[in-house]
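Okay, structure first, notes after.
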Amino acid sequence: MTKLLTLLLFIVISSELICQPNFVERKEKYLISEKFKWIPDATGNVLFFNDNNLYKAENGQLPTFSQSVRATGEITQLLPINAFKTILFSQDQQQICILDNTFSINGECMDLEDFNIQNAVCCAVSSRSNVLYVFDAFNSSLYLIDLIEKKTIQSVVNMNALLGQEIEIQSCREHNNDLFLLTKDKTVYVFDMFLNLKGQLEETYNSLNFWRDYIIAMNTDKVQFNSLKNNLINLSISAPKASSVKVEGNSFYFSNKGVIMAYELKSQ
């Protein structure tokens, strides 16, 4: 009886993936120089940036809006929060700026030195309002800062000692209230929302993309969904041939040689 209940529970949990979702092509198609960095937002726009120039694209039209933000220096990351708020991080200036929906700076940019951060290399927004994760390569430390109160909430100093090895962080991202850190050797470390180390993922990854309770890996013409929970199954789905993919909700953006194609993941 116990085995039967366990089987039924597994079927209910994994039924969403057993129906084999597939990618449905959308009309959006972007042609852009490969020197541009880009990121999709939750409203269906794609944000492109290079040096200190920003472009917003919608429905395949580029640009629908553009802006030059010269006060910030070179843009390292754009972190969309909603349609009206985007965080800009400049590594060379060691600054954080809050942009409105016209890409104008809202208030004054914040110097990370004021948070005792010396060499920030990546940032990640949190589901908690006004909270930002920052990784400082100077002392391999992780900070959780409040952008409104302008103070450090939590920090982990000397992560090299914590992990027992020297790490170089490539990117970071919060998902389901956990923070994922991707190193340059493709290892992914996982922290909870209070910066407690939870462990590391078994597989290596080239980027941090998530769909529900899965982390995404791209393999030429397939997308691998690897479960972040032990009670879910892994899944591989045929996809457009691409060198990289970025995910926002059910929207998947496949990039290959300067062409970005938008798809929706739908269940059959």
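The way I read the labels, and the way they are meant: chains A, B, ... in the order of the structure tokens, residue 1 as the first residue of every chain, and ligand 1 as the first ligand shown, with later ones counted on from there.
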Original post:
Near range 83-87 of chain A, counting only C-alpha atoms, which residues have an atom at most 6 Å away, once you skip same-chain residues fewer than 2 positions from it, shown as a VMD selection string?
Top reply: chain A and resid 78 to 81 97 to 101
Original post:
If we count only C-alpha atoms, what is near Asp114 in chain A at a cut-off of 9 Å, once residues fewer than 4 positions away on the same chain are taken out, given as a ChimeraX atom specification?
Top reply: /A:110,150-151
Original post:
What's the 12 Å shell around Val24 in chain A, counting only C-alpha atoms, without same-chain residues fewer than 4 positions away, as a list in words?
Top reply: Glu28, Ile237, Ser238, Ala239, Pro240, Asn250, Ser251, Phe252, Tyr253, Met261, Ala262, Tyr263, Glu264, Leu265, Lys266, Ser267 and Gln268 of chain A
**OP:** May I ask which of the residues A:Asp185, A:Glu248, A:Glu25, A:Glu74 is the closest one to Phe210 in chain A, counting only C-alpha atoms?
**Re:** A:Glu248
Subject >> Those in range 1-182 of chain A with strand (DSSP E) from DSSP, as a VMD selection string >> reply: chain A and resid 22 to 31 37 to 40 46 to 50 53 to 58 61 to 68 77 to 82 85 to 90 95 to 99 110 to 111 120 to 125 131 to 136 141 to 146 151 to 156 169 to 175 178 to 182
